[in-house]
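Shown below: data.tsv, with TSV, C-alpha atoms.
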```tsv
chain	number	residue	atom	x	y	z
V	1	MET	CA	-17.62	-111.31	92.53
V	2	ALA	CA	-18.28	-114.91	93.49
V	3	THR	CA	-20.03	-116.36	96.50
V	4	LEU	CA	-19.12	-119.36	98.65
V	5	HIS	CA	-22.35	-121.11	99.68
V	6	THR	CA	-22.36	-123.58	102.55
V	7	VAL	CA	-25.07	-126.20	103.11
V	8	ASN	CA	-25.09	-128.21	106.33
V	9	LYS	CA	-28.28	-130.27	106.08
V	10	SER	CA	-29.04	-133.44	104.14
V	11	PRO	CA	-31.07	-132.71	100.98
V	12	PHE	CA	-33.29	-135.62	102.00
V	13	GLU	CA	-34.25	-133.65	105.14
V	14	THR	CA	-34.58	-130.04	103.91
V	15	GLN	CA	-34.81	-128.04	100.68
V	16	ALA	CA	-31.72	-126.00	101.58
V	17	LEU	CA	-29.41	-127.53	98.96
V	18	LEU	CA	-31.97	-127.30	96.15
V	19	SER	CA	-32.85	-123.72	97.09
V	20	CYS	CA	-29.16	-122.84	97.26
V	21	LEU	CA	-28.53	-124.29	93.79
V	22	GLY	CA	-31.47	-122.26	92.50
V	23	HIS	CA	-29.76	-119.04	93.63
V	24	THR	CA	-26.15	-119.60	92.57
V	25	LYS	CA	-24.31	-117.63	89.89
V	26	ALA	CA	-21.67	-118.87	87.48
V	27	GLY	CA	-18.33	-119.00	89.28
V	28	ASP	CA	-19.81	-119.67	92.72
V	29	THR	CA	-18.77	-122.61	94.91
V	30	VAL	CA	-21.20	-124.71	96.93
V	31	LEU	CA	-19.46	-126.40	99.87
V	32	LEU	CA	-21.34	-129.24	101.56
V	33	ILE	CA	-20.53	-129.65	105.25
V	34	GLU	CA	-21.90	-131.70	108.17
V	35	ASP	CA	-25.03	-133.63	107.02
V	36	GLY	CA	-24.91	-131.60	103.80
V	37	VAL	CA	-22.28	-134.04	102.47
V	38	TYR	CA	-25.03	-136.59	101.74
V	39	GLY	CA	-26.01	-134.28	98.89
V	40	ALA	CA	-22.77	-135.00	97.02
V	41	VAL	CA	-23.27	-138.77	96.85
V	42	GLY	CA	-23.99	-140.17	93.40
V	43	ASN	CA	-26.69	-142.65	92.45
V	44	THR	CA	-29.32	-141.24	94.83
V	45	ALA	CA	-32.87	-140.05	94.12
V	46	LEU	CA	-31.60	-136.46	94.22
V	47	ALA	CA	-28.28	-136.84	92.41
V	48	ASP	CA	-29.66	-135.85	88.99
V	49	ALA	CA	-31.34	-132.74	90.40
V	50	VAL	CA	-28.16	-131.70	92.19
V	51	ALA	CA	-25.91	-132.37	89.19
V	52	GLY	CA	-28.33	-130.60	86.81
V	53	LEU	CA	-28.87	-127.48	88.88
V	54	GLY	CA	-25.22	-127.16	89.73
V	55	GLY	CA	-24.06	-126.58	86.13
V	56	ALA	CA	-21.86	-123.51	86.30
V	57	VAL	CA	-20.86	-123.88	89.95
V	58	THR	CA	-18.17	-125.89	91.67
V	59	LEU	CA	-19.51	-128.48	94.10
V	60	ALA	CA	-17.18	-129.25	97.02
V	61	VAL	CA	-17.45	-131.37	100.17
V	62	LEU	CA	-15.61	-131.21	103.47
V	63	ALA	CA	-13.59	-134.42	103.68
V	64	PRO	CA	-13.63	-134.82	107.50
V	65	ASP	CA	-17.44	-134.83	107.40
V	66	LEU	CA	-17.41	-137.47	104.64
V	67	LYS	CA	-15.00	-139.64	106.62
V	68	ALA	CA	-17.00	-139.27	109.80
V	69	ARG	CA	-20.03	-140.67	107.98
V	70	GLY	CA	-18.13	-143.52	106.32
V	71	ILE	CA	-18.67	-142.17	102.81
V	72	ASP	CA	-15.94	-143.24	100.42
V	73	GLU	CA	-14.89	-140.52	97.96
V	74	GLY	CA	-15.54	-143.03	95.16
V	75	ARG	CA	-19.27	-142.75	95.87
V	76	LEU	CA	-19.40	-139.01	95.15
V	77	MET	CA	-20.94	-137.60	91.99
V	78	ASP	CA	-18.52	-136.84	89.16
V	79	GLY	CA	-16.74	-133.52	89.44
V	80	VAL	CA	-17.18	-133.06	93.17
V	81	LYS	CA	-14.10	-131.60	94.82
V	82	THR	CA	-13.06	-132.57	98.37
V	83	VAL	CA	-11.40	-130.08	100.71
V	84	ASP	CA	-9.93	-130.27	104.21
V	85	TYR	CA	-10.35	-127.59	106.87
V	86	ALA	CA	-7.52	-125.51	105.42
V	87	GLY	CA	-9.20	-125.79	102.02
V	88	PHE	CA	-12.43	-124.49	103.58
V	89	VAL	CA	-10.54	-121.43	104.84
V	90	GLU	CA	-8.97	-120.91	101.42
V	91	LEU	CA	-12.38	-121.04	99.74
V	92	ALA	CA	-13.73	-118.46	102.19
V	93	ALA	CA	-10.76	-116.19	101.46
V	94	GLU	CA	-11.00	-116.61	97.67
V	95	HIS	CA	-14.69	-115.66	97.43
V	96	ASP	CA	-16.18	-112.20	97.93
V	97	ARG	CA	-18.80	-113.32	100.45
V	98	THR	CA	-20.02	-116.44	102.20
V	99	GLN	CA	-23.67	-117.38	102.42
V	100	ALA	CA	-24.87	-120.12	104.78
V	101	TRP	CA	-27.98	-122.07	103.77
V	102	LEU	CA	-29.27	-123.29	107.14
Q	1	MET	CA	-19.95	-97.26	98.58
Q	2	GLU	CA	-20.02	-94.59	101.28
Q	3	ASP	CA	-17.20	-94.67	103.79
Q	4	GLY	CA	-17.63	-97.58	106.16
Q	5	VAL	CA	-21.12	-98.41	104.91
Q	6	LYS	CA	-21.57	-102.00	103.84
Q	7	LYS	CA	-24.50	-103.78	102.25
Q	8	PHE	CA	-25.97	-106.29	104.70
Q	9	LEU	CA	-28.59	-108.84	103.67
Q	10	TYR	CA	-30.55	-110.81	106.24
Q	11	VAL	CA	-31.86	-113.98	104.61
Q	12	ASN	CA	-35.06	-115.47	106.04
Q	13	ARG	CA	-35.93	-119.01	104.94
Q	14	LYS	CA	-37.95	-120.37	107.87
Q	15	ALA	CA	-41.60	-120.15	108.95
Q	16	PRO	CA	-42.24	-117.91	111.97
Q	17	TYR	CA	-43.20	-120.04	114.99
Q	18	GLY	CA	-41.83	-123.59	114.57
Q	19	THR	CA	-38.29	-122.51	115.41
Q	20	ILE	CA	-36.71	-119.41	116.96
Q	21	TYR	CA	-34.84	-118.42	113.77
Q	22	ALA	CA	-37.37	-115.86	112.49
Q	23	LEU	CA	-37.67	-113.98	115.78
Q	24	GLU	CA	-33.88	-114.01	116.24
Q	25	ALA	CA	-33.41	-112.62	112.73
Q	26	LEU	CA	-35.72	-109.72	113.49
Q	27	GLU	CA	-33.88	-109.00	116.75
Q	28	VAL	CA	-30.55	-108.95	114.93
Q	29	VAL	CA	-31.94	-106.69	112.19
Q	30	LEU	CA	-33.10	-104.19	114.82
Q	31	ILE	CA	-29.70	-104.28	116.54
Q	32	GLY	CA	-27.90	-103.95	113.20
Q	33	ALA	CA	-30.08	-100.99	112.19
Q	34	ALA	CA	-28.38	-98.94	114.90
Q	35	PHE	CA	-25.07	-99.11	113.02
Q	36	ASP	CA	-26.16	-97.08	109.96
Q	37	GLN	CA	-25.44	-99.77	107.39
Q	38	ASP	CA	-27.26	-100.44	104.11
Q	39	VAL	CA	-29.65	-103.16	105.31
Q	40	SER	CA	-31.99	-105.33	103.25
Q	41	LEU	CA	-34.07	-108.37	104.14
Q	42	ALA	CA	-34.76	-111.35	101.89
Q	43	PHE	CA	-37.71	-113.70	102.32
Q	44	LEU	CA	-37.68	-116.96	100.39
Q	45	ASP	CA	-38.77	-120.58	100.84
Q	46	ASP	CA	-40.77	-120.88	104.10
Q	47	GLY	CA	-39.49	-117.42	105.10
Q	48	VAL	CA	-42.36	-115.88	103.12
Q	49	PHE	CA	-44.75	-117.21	105.79
Q	50	GLN	CA	-43.27	-114.66	108.22
Q	51	LEU	CA	-44.97	-111.80	106.39
Q	52	THR	CA	-48.52	-113.15	106.11
Q	53	LYS	CA	-51.48	-111.16	107.43
Q	54	ALA	CA	-53.74	-112.06	110.36
Q	55	GLN	CA	-51.22	-113.92	112.52
Q	56	ASP	CA	-52.68	-114.48	115.99
Q	57	THR	CA	-50.49	-116.41	118.44
Q	58	LYS	CA	-52.54	-115.92	121.62
Q	59	GLU	CA	-53.44	-119.58	121.92
Q	60	ILE	CA	-49.93	-120.93	121.38
Q	61	GLY	CA	-48.42	-118.75	124.08
Q	62	VAL	CA	-45.66	-117.09	122.06
Q	63	LYS	CA	-45.20	-113.51	120.98
Q	64	ASN	CA	-46.72	-112.50	117.65
Q	65	PHE	CA	-43.78	-110.57	116.23
Q	66	SER	CA	-45.29	-109.99	112.79
Q	67	PRO	CA	-46.39	-106.37	113.57
Q	68	THR	CA	-42.71	-105.55	114.21
Q	69	PHE	CA	-42.01	-105.77	110.47
Q	70	ARG	CA	-44.19	-102.67	110.04
Q	71	ALA	CA	-41.88	-100.72	112.38
Q	72	LEU	CA	-38.72	-101.43	110.34
Q	73	GLY	CA	-39.23	-98.31	108.24
Q	74	ASP	CA	-38.65	-96.18	111.36
Q	75	TYR	CA	-35.20	-97.79	111.59
Q	76	GLU	CA	-34.47	-97.01	107.92
Q	77	VAL	CA	-34.87	-100.66	106.96
Q	78	THR	CA	-36.96	-100.18	103.84
Q	79	LYS	CA	-36.07	-103.02	101.45
Q	80	LEU	CA	-37.86	-106.32	102.05
Q	81	TYR	CA	-37.28	-108.58	99.02
Q	82	VAL	CA	-39.85	-111.37	98.72
Q	83	GLU	CA	-39.39	-114.18	96.20
Q	84	LYS	CA	-42.36	-114.72	93.89
Q	85	GLU	CA	-41.63	-118.41	93.22
Q	86	SER	CA	-41.64	-119.09	96.97
Q	87	LEU	CA	-45.06	-117.40	97.27
Q	88	ASP	CA	-46.42	-119.31	94.25
Q	89	GLU	CA	-45.19	-122.68	95.54
Q	90	ARG	CA	-47.05	-122.06	98.81
Q	91	GLY	CA	-50.31	-120.90	97.22
Q	92	LEU	CA	-49.72	-117.30	98.32
Q	93	THR	CA	-49.88	-113.98	96.50
Q	94	ALA	CA	-48.63	-110.53	97.46
Q	95	ASP	CA	-52.18	-109.82	98.73
Q	96	ASP	CA	-51.70	-112.41	101.47
Q	97	LEU	CA	-48.83	-110.37	102.94
Q	98	GLN	CA	-49.20	-107.52	105.40
Q	99	GLU	CA	-48.83	-104.03	104.04
Q	100	ILE	CA	-45.42	-102.72	105.09
Q	101	THR	CA	-44.50	-99.13	104.26
Q	102	TYR	CA	-41.92	-96.48	105.06
Q	103	GLU	CA	-41.84	-92.71	104.83
Q	104	ASP	CA	-39.32	-91.50	102.26
Q	105	GLU	CA	-37.47	-88.53	103.75
Q	106	ASP	CA	-36.04	-87.66	100.32
Q	107	ASP	CA	-39.54	-87.39	98.83
Q	108	ASP	CA	-41.43	-85.18	101.31
Q	109	TRP	CA	-42.06	-88.18	103.60
Q	110	ALA	CA	-44.25	-89.89	101.02
Q	111	GLU	CA	-45.43	-93.30	102.19
Q	112	LYS	CA	-43.99	-96.06	100.02
Q	113	PRO	CA	-44.14	-99.87	100.05
Q	114	SER	CA	-41.19	-101.68	101.63
Q	115	ILE	CA	-42.02	-105.08	100.13
Q	116	ILE	CA	-40.38	-105.70	96.76
Q	117	ILE	CA	-41.55	-108.86	94.97
Q	118	VAL	CA	-38.68	-110.38	92.95
Q	119	SER	CA	-38.16	-113.48	90.83
Q	120	ARG	CA	-35.76	-116.22	91.89
Q	121	SER	CA	-33.10	-114.96	89.48
Q	122	GLU	CA	-33.56	-111.38	90.70
Q	123	MET	CA	-33.17	-112.68	94.26
Q	124	ALA	CA	-29.90	-114.30	93.19
Q	125	ASP	CA	-28.79	-110.89	91.87
Q	126	VAL	CA	-29.73	-109.22	95.17
Q	127	MET	CA	-27.67	-111.80	97.05
Q	128	ALA	CA	-24.69	-111.45	94.73
Q	129	GLY	CA	-24.67	-107.68	95.27
Q	130	GLN	CA	-24.07	-107.81	99.03
Q	131	ASP	CA	-21.00	-107.33	101.17
Q	132	VAL	CA	-22.29	-109.44	104.06
Q	133	ILE	CA	-25.02	-112.07	104.16
Q	134	LEU	CA	-26.49	-113.25	107.46
Q	135	SER	CA	-28.68	-116.35	107.29
Q	136	PHE	CA	-31.56	-117.37	109.51
```

In C-alpha coordinates, write the structure found in this file.
Amino acid sequence: MATLHTVNKSPFETQALLSCLGHTKAGDTVLLIEDGVYGAVGNTALADAVAGLGGAVTLAVLAPDLKARGIDEGRLMDGVKTVDYAGFVELAAEHDRTQAWL
Amino acid sequence: MEDGVKKFLYVNRKAPYGTIYALEALEVVLIGAAFDQDVSLAFLDDGVFQLTKAQDTKEIGVKNFSPTFRALGDYEVTKLYVEKESLDERGLTADDLQEITYEDEDDDWAEKPSIIIVSRSEMADVMAGQDVILSF
(Lines of atoms letter the chains of each structure in order from A and count residues from 1; the text may use other names and numbers.)
(Lines give C-alpha, C1' and ligand atoms only; values in the text may rest on other atoms or scores of the structure.)
Protein backbone atom coordinates (compact mmCIF):
# COMPACT_ATOMS: atom_id res chain seq x y z
CA MET A 1 0.00 0.00 0.00
CA ALA A 2 2.53 2.57 -1.15
CA THR A 3 2.07 6.18 -2.14
CA LEU A 4 3.62 8.15 -5.00
CA HIS A 5 4.30 11.69 -3.76
CA THR A 6 4.95 14.49 -6.24
CA VAL A 7 6.65 17.78 -5.34
CA ASN A 8 6.73 20.59 -7.89
CA LYS A 9 8.32 23.48 -5.99
CA SER A 10 11.96 24.19 -5.16
CA PRO A 11 12.76 23.34 -1.52
CA PHE A 12 14.52 26.71 -1.35
CA GLU A 13 11.15 28.39 -2.01
CA THR A 14 8.66 26.32 0.03
CA GLN A 15 8.57 23.68 2.76
CA ALA A 16 6.66 21.25 0.54
CA LEU A 17 9.52 18.78 0.01
CA LEU A 18 10.51 18.72 3.69
CA SER A 19 6.90 18.34 4.78
CA CYS A 20 6.39 15.58 2.22
CA LEU A 21 9.45 13.69 3.48
CA GLY A 22 8.11 14.02 7.01
CA HIS A 23 4.93 12.17 5.99
CA THR A 24 6.29 9.33 3.84
CA LYS A 25 6.14 5.64 4.71
CA ALA A 26 8.67 2.95 3.90
CA GLY A 27 8.17 1.83 0.30
CA ASP A 28 6.85 5.18 -0.93
CA THR A 29 8.34 7.06 -3.88
CA VAL A 30 8.89 10.82 -3.96
CA LEU A 31 8.99 12.14 -7.53
CA LEU A 32 10.39 15.64 -8.01
CA ILE A 33 8.93 17.50 -10.99
CA GLU A 34 9.07 21.05 -12.38
CA ASP A 35 11.02 23.30 -9.93
CA GLY A 36 10.93 20.41 -7.45
CA VAL A 37 13.94 18.89 -9.26
CA TYR A 38 16.24 21.40 -7.53
CA GLY A 39 15.63 19.36 -4.39
CA ALA A 40 17.50 16.36 -5.83
CA VAL A 41 20.76 18.22 -6.44
CA GLY A 42 23.65 17.23 -4.20
CA ASN A 43 26.02 19.55 -2.35
CA THR A 44 23.35 22.14 -1.47
CA ALA A 45 22.37 23.59 1.91
CA LEU A 46 19.37 21.25 1.95
CA ALA A 47 20.92 18.09 0.52
CA ASP A 48 21.69 16.54 3.92
CA ALA A 49 18.16 17.18 5.19
CA VAL A 50 16.64 15.67 2.05
CA ALA A 51 18.95 12.64 2.05
CA GLY A 52 18.43 12.07 5.80
CA LEU A 53 14.67 12.34 5.83
CA GLY A 54 14.29 10.25 2.73
CA GLY A 55 15.73 7.06 4.26
CA ALA A 56 13.22 4.36 3.42
CA VAL A 57 11.76 6.04 0.34
CA THR A 58 12.86 6.13 -3.28
CA LEU A 59 13.71 9.60 -4.54
CA ALA A 60 13.10 10.12 -8.27
CA VAL A 61 13.27 13.10 -10.62
CA LEU A 62 11.62 13.78 -13.95
CA ALA A 63 14.44 13.93 -16.49
CA PRO A 64 12.83 16.42 -18.92
CA ASP A 65 12.54 18.93 -16.07
CA LEU A 66 16.22 18.39 -15.16
CA LYS A 67 17.28 18.89 -18.77
CA ALA A 68 15.16 21.99 -19.16
CA ARG A 69 17.01 23.54 -16.22
CA GLY A 70 20.47 22.49 -17.41
CA ILE A 71 21.05 20.16 -14.46
CA ASP A 72 23.44 17.34 -15.30
CA GLU A 73 22.46 13.99 -13.77
CA GLY A 74 25.97 13.83 -12.30
CA ARG A 75 25.03 16.65 -9.92
CA LEU A 76 22.19 14.69 -8.30
CA MET A 77 22.46 13.22 -4.82
CA ASP A 78 23.47 9.56 -4.63
CA GLY A 79 20.65 7.10 -5.16
CA VAL A 80 18.32 9.44 -7.00
CA LYS A 81 16.51 7.73 -9.85
CA THR A 82 15.62 9.59 -13.08
CA VAL A 83 12.45 8.80 -15.02
CA ASP A 84 10.96 10.00 -18.30
CA TYR A 85 7.28 10.72 -18.86
CA ALA A 86 6.50 7.05 -19.44
CA GLY A 87 8.31 6.26 -16.20
CA PHE A 88 6.11 8.81 -14.41
CA VAL A 89 3.02 6.98 -15.69
CA GLU A 90 4.47 3.64 -14.59
CA LEU A 91 5.12 4.98 -11.09
CA ALA A 92 1.54 6.26 -10.87
CA ALA A 93 0.25 2.84 -11.94
CA GLU A 94 2.51 0.90 -9.55
CA HIS A 95 1.49 2.84 -6.43
CA ASP A 96 -1.86 2.66 -4.64
CA ARG A 97 -2.43 6.42 -4.59
CA THR A 98 -0.77 9.63 -5.68
CA GLN A 99 -0.41 12.63 -3.41
CA ALA A 100 0.62 16.03 -4.76
CA TRP A 101 2.52 18.36 -2.43
CA LEU A 102 1.73 21.78 -3.90
CA MET B 1 -15.31 -0.85 2.04
CA GLU B 2 -18.99 -0.32 1.20
CA ASP B 3 -19.93 -0.68 -2.44
CA GLY B 4 -18.69 2.29 -4.42
CA VAL B 5 -17.67 4.24 -1.33
CA LYS B 6 -14.09 5.45 -1.38
CA LYS B 7 -12.03 7.23 1.23
CA PHE B 8 -11.27 10.77 0.09
CA LEU B 9 -8.80 13.01 1.91
CA TYR B 10 -8.61 16.73 1.19
CA VAL B 11 -5.18 17.99 2.24
CA ASN B 12 -4.93 21.65 3.27
CA ARG B 13 -1.42 23.10 3.57
CA LYS B 14 -1.94 26.81 2.86
CA ALA B 15 -3.01 29.81 4.93
CA PRO B 16 -6.52 31.11 4.18
CA TYR B 17 -6.33 34.48 2.41
CA GLY B 18 -2.96 34.84 0.64
CA THR B 19 -3.98 32.49 -2.15
CA ILE B 20 -7.28 31.02 -3.38
CA TYR B 21 -6.33 27.41 -2.50
CA ALA B 22 -8.10 27.25 0.88
CA LEU B 23 -11.41 28.62 -0.37
CA GLU B 24 -11.27 26.36 -3.45
CA ALA B 25 -10.63 23.34 -1.23
CA LEU B 26 -13.71 24.10 0.83
CA GLU B 27 -15.82 24.51 -2.31
CA VAL B 28 -14.63 21.15 -3.62
CA VAL B 29 -15.29 19.47 -0.27
CA LEU B 30 -18.87 20.75 -0.31
CA ILE B 31 -19.36 19.53 -3.89
CA GLY B 32 -17.78 16.17 -3.06
CA ALA B 33 -20.00 15.77 0.02
CA ALA B 34 -22.98 15.36 -2.31
CA PHE B 35 -21.57 12.08 -3.62
CA ASP B 36 -21.85 10.10 -0.36
CA GLN B 37 -18.16 9.23 -0.08
CA ASP B 38 -16.09 8.78 3.08
CA VAL B 39 -14.59 12.27 3.31
CA SER B 40 -11.90 13.54 5.67
CA LEU B 41 -9.94 16.79 5.76
CA ALA B 42 -6.31 17.18 6.79
CA PHE B 43 -4.79 20.44 8.02
CA LEU B 44 -1.01 20.66 8.25
CA ASP B 45 1.75 23.23 7.72
CA ASP B 46 0.16 26.66 7.09
CA GLY B 47 -3.19 24.91 6.54
CA VAL B 48 -3.76 24.99 10.31
CA PHE B 49 -4.20 28.78 10.03
CA GLN B 50 -7.48 28.15 8.19
CA LEU B 51 -9.15 26.96 11.39
CA THR B 52 -8.18 29.76 13.78
CA LYS B 53 -10.83 31.69 15.70
CA ALA B 54 -11.75 35.36 15.30
CA GLN B 55 -11.04 35.77 11.58
CA ASP B 56 -12.46 39.08 10.36
CA THR B 57 -11.87 39.90 6.69
CA LYS B 58 -14.10 42.98 6.37
CA GLU B 59 -11.19 45.35 5.79
CA ILE B 60 -9.44 43.24 3.16
CA GLY B 61 -12.55 42.90 1.02
CA VAL B 62 -12.68 39.12 0.72
CA LYS B 63 -15.16 36.62 2.08
CA ASN B 64 -14.46 35.21 5.54
CA PHE B 65 -15.12 31.54 4.81
CA SER B 66 -14.00 30.24 8.21
CA PRO B 67 -17.59 29.89 9.57
CA THR B 68 -18.28 27.45 6.72
CA PHE B 69 -16.12 24.82 8.45
CA ARG B 70 -18.76 24.70 11.20
CA ALA B 71 -21.40 23.70 8.63
CA LEU B 72 -19.47 20.66 7.37
CA GLY B 73 -21.11 18.40 9.92
CA ASP B 74 -24.47 18.96 8.20
CA TYR B 75 -22.90 17.47 5.06
CA GLU B 76 -21.62 14.44 7.01
CA VAL B 77 -18.05 15.70 6.84
CA THR B 78 -17.06 15.03 10.44
CA LYS B 79 -13.33 14.22 10.43
CA LEU B 80 -10.97 17.20 10.42
CA TYR B 81 -7.45 15.97 11.21
CA VAL B 82 -5.14 18.72 12.47
CA GLU B 83 -1.41 18.11 12.87
CA LYS B 84 -0.04 18.94 16.32
CA GLU B 85 3.52 19.64 15.13
CA SER B 86 2.19 22.19 12.64
CA LEU B 87 0.28 23.95 15.45
CA ASP B 88 3.33 23.88 17.75
CA GLU B 89 5.67 25.27 15.09
CA ARG B 90 3.30 28.22 14.62
CA GLY B 91 2.81 28.96 18.32
CA LEU B 92 -0.77 27.68 18.25
CA THR B 93 -2.69 25.26 20.44
CA ALA B 94 -6.02 23.51 19.93
CA ASP B 95 -7.60 26.36 21.96
CA ASP B 96 -6.74 28.80 19.17
CA LEU B 97 -8.97 26.87 16.76
CA GLN B 98 -12.70 27.37 16.33
CA GLU B 99 -14.95 24.81 17.90
CA ILE B 100 -16.30 22.57 15.14
CA THR B 101 -18.86 19.91 16.01
CA TYR B 102 -21.30 17.51 14.39
CA GLU B 103 -24.40 15.70 15.56
CA ASP B 104 -23.89 11.93 15.64
CA GLU B 105 -27.02 10.30 14.23
CA ASP B 106 -25.88 6.91 15.54
CA ASP B 107 -25.68 8.25 19.10
CA ASP B 108 -29.01 10.06 19.60
CA TRP B 109 -27.67 13.15 17.79
CA ALA B 110 -25.09 13.81 20.49
CA GLU B 111 -22.88 16.79 19.65
CA LYS B 112 -19.28 15.69 19.13
CA PRO B 113 -16.04 17.46 18.12
CA SER B 114 -15.04 17.20 14.46
CA ILE B 115 -11.44 18.32 15.02
CA ILE B 116 -9.03 15.45 15.71
CA ILE B 117 -5.53 16.52 16.75
CA VAL B 118 -2.94 14.03 15.46
CA SER B 119 0.84 13.74 15.49
CA ARG B 120 2.86 13.95 12.28
CA SER B 121 3.26 10.17 12.18
CA GLU B 122 -0.46 9.66 12.80
CA MET B 123 -1.14 12.10 9.94
CA ALA B 124 1.10 9.95 7.73
CA ASP B 125 -1.04 6.94 8.72
CA VAL B 126 -4.24 8.84 7.86
CA MET B 127 -2.81 9.69 4.44
CA ALA B 128 -1.65 6.14 3.78
CA GLY B 129 -5.15 4.82 4.53
CA GLN B 130 -6.91 6.75 1.74
CA ASP B 131 -8.12 5.75 -1.69
CA VAL B 132 -7.91 9.26 -3.13
CA ILE B 133 -5.96 12.30 -1.95
CA LEU B 134 -6.77 15.78 -3.25
CA SER B 135 -4.23 18.48 -2.43
CA PHE B 136 -4.76 22.19 -1.98

Practice problem: Would you mind telling me which residue in Q:Arg120, Q:Lys63, Q:Lys6, Q:Lys14 lies nearest to Gln50 of chain Q when using all atoms listed in the file? | Solution: Q:Lys14

Tell me, counting only C-alpha atoms, for each residue of chain V within 6 Å of chain Q, which pair of atoms is nearest and how far apart they are in Å to one decimal, in rows ordered by chain and increasing number, as a Markdown table.
```
| residue | atom | partner | partner_atom | distance |
| --- | --- | --- | --- | --- |
| V:His23 | CA | Q:Ala124 | CA | 4.8 |
| V:Gln99 | CA | Q:Ile133 | CA | 5.7 |
| V:Ala100 | CA | Q:Ser135 | CA | 5.9 |
```

Limited to C-alpha atoms, could you put the picked residues into a file as a PDB file, in the frame of the given file?
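Printed below is again37.pdb as written:
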```
ATOM      1  CA  HIS V  23     -29.760-119.040  93.630  1.00  0.00           C
ATOM      2  CA  GLN V  99     -23.670-117.380 102.420  1.00  0.00           C
ATOM      3  CA  ALA V 100     -24.870-120.120 104.780  1.00  0.00           C
TER       4      ALA V 100
END
```

Practice problem: Would you mind listing what lies within 6 Å of Thr82 of chain V as a count of residues only, with all atoms listed in the file counted and same-chain residues fewer than 5 positions away left out? | Solution: 4

Quiz item: Counting only C-alpha atoms, which residues come within 6 Å of (-38.7, -107.9, 94.6), with the point read in the file's coordinates, and could you list them as a PyMOL selection string?
Solution: chain Q and resi 81-82+116-118

Self-check item: d(atom CA of Val41 of chain V, atom CA of Val89 of chain V) in Å
Solution: 22.9 Å

Self-check item: Separation of atom CA of Ala33 of chain Q from atom CA of Glu76 of chain Q in Å
Solution: 7.3 Å

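The two atoms in question, atom CA of Lys25 of chain V and atom CA of Ala45 of chain V, are spaced 24.4 Å apart.
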
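For the choices V:Ala40, V:Ala56, V:Ala2, V:Leu76, the atom-to-atom distance to Gly22 of chain V is smallest for V:Ala56 when using all atoms listed in the file.
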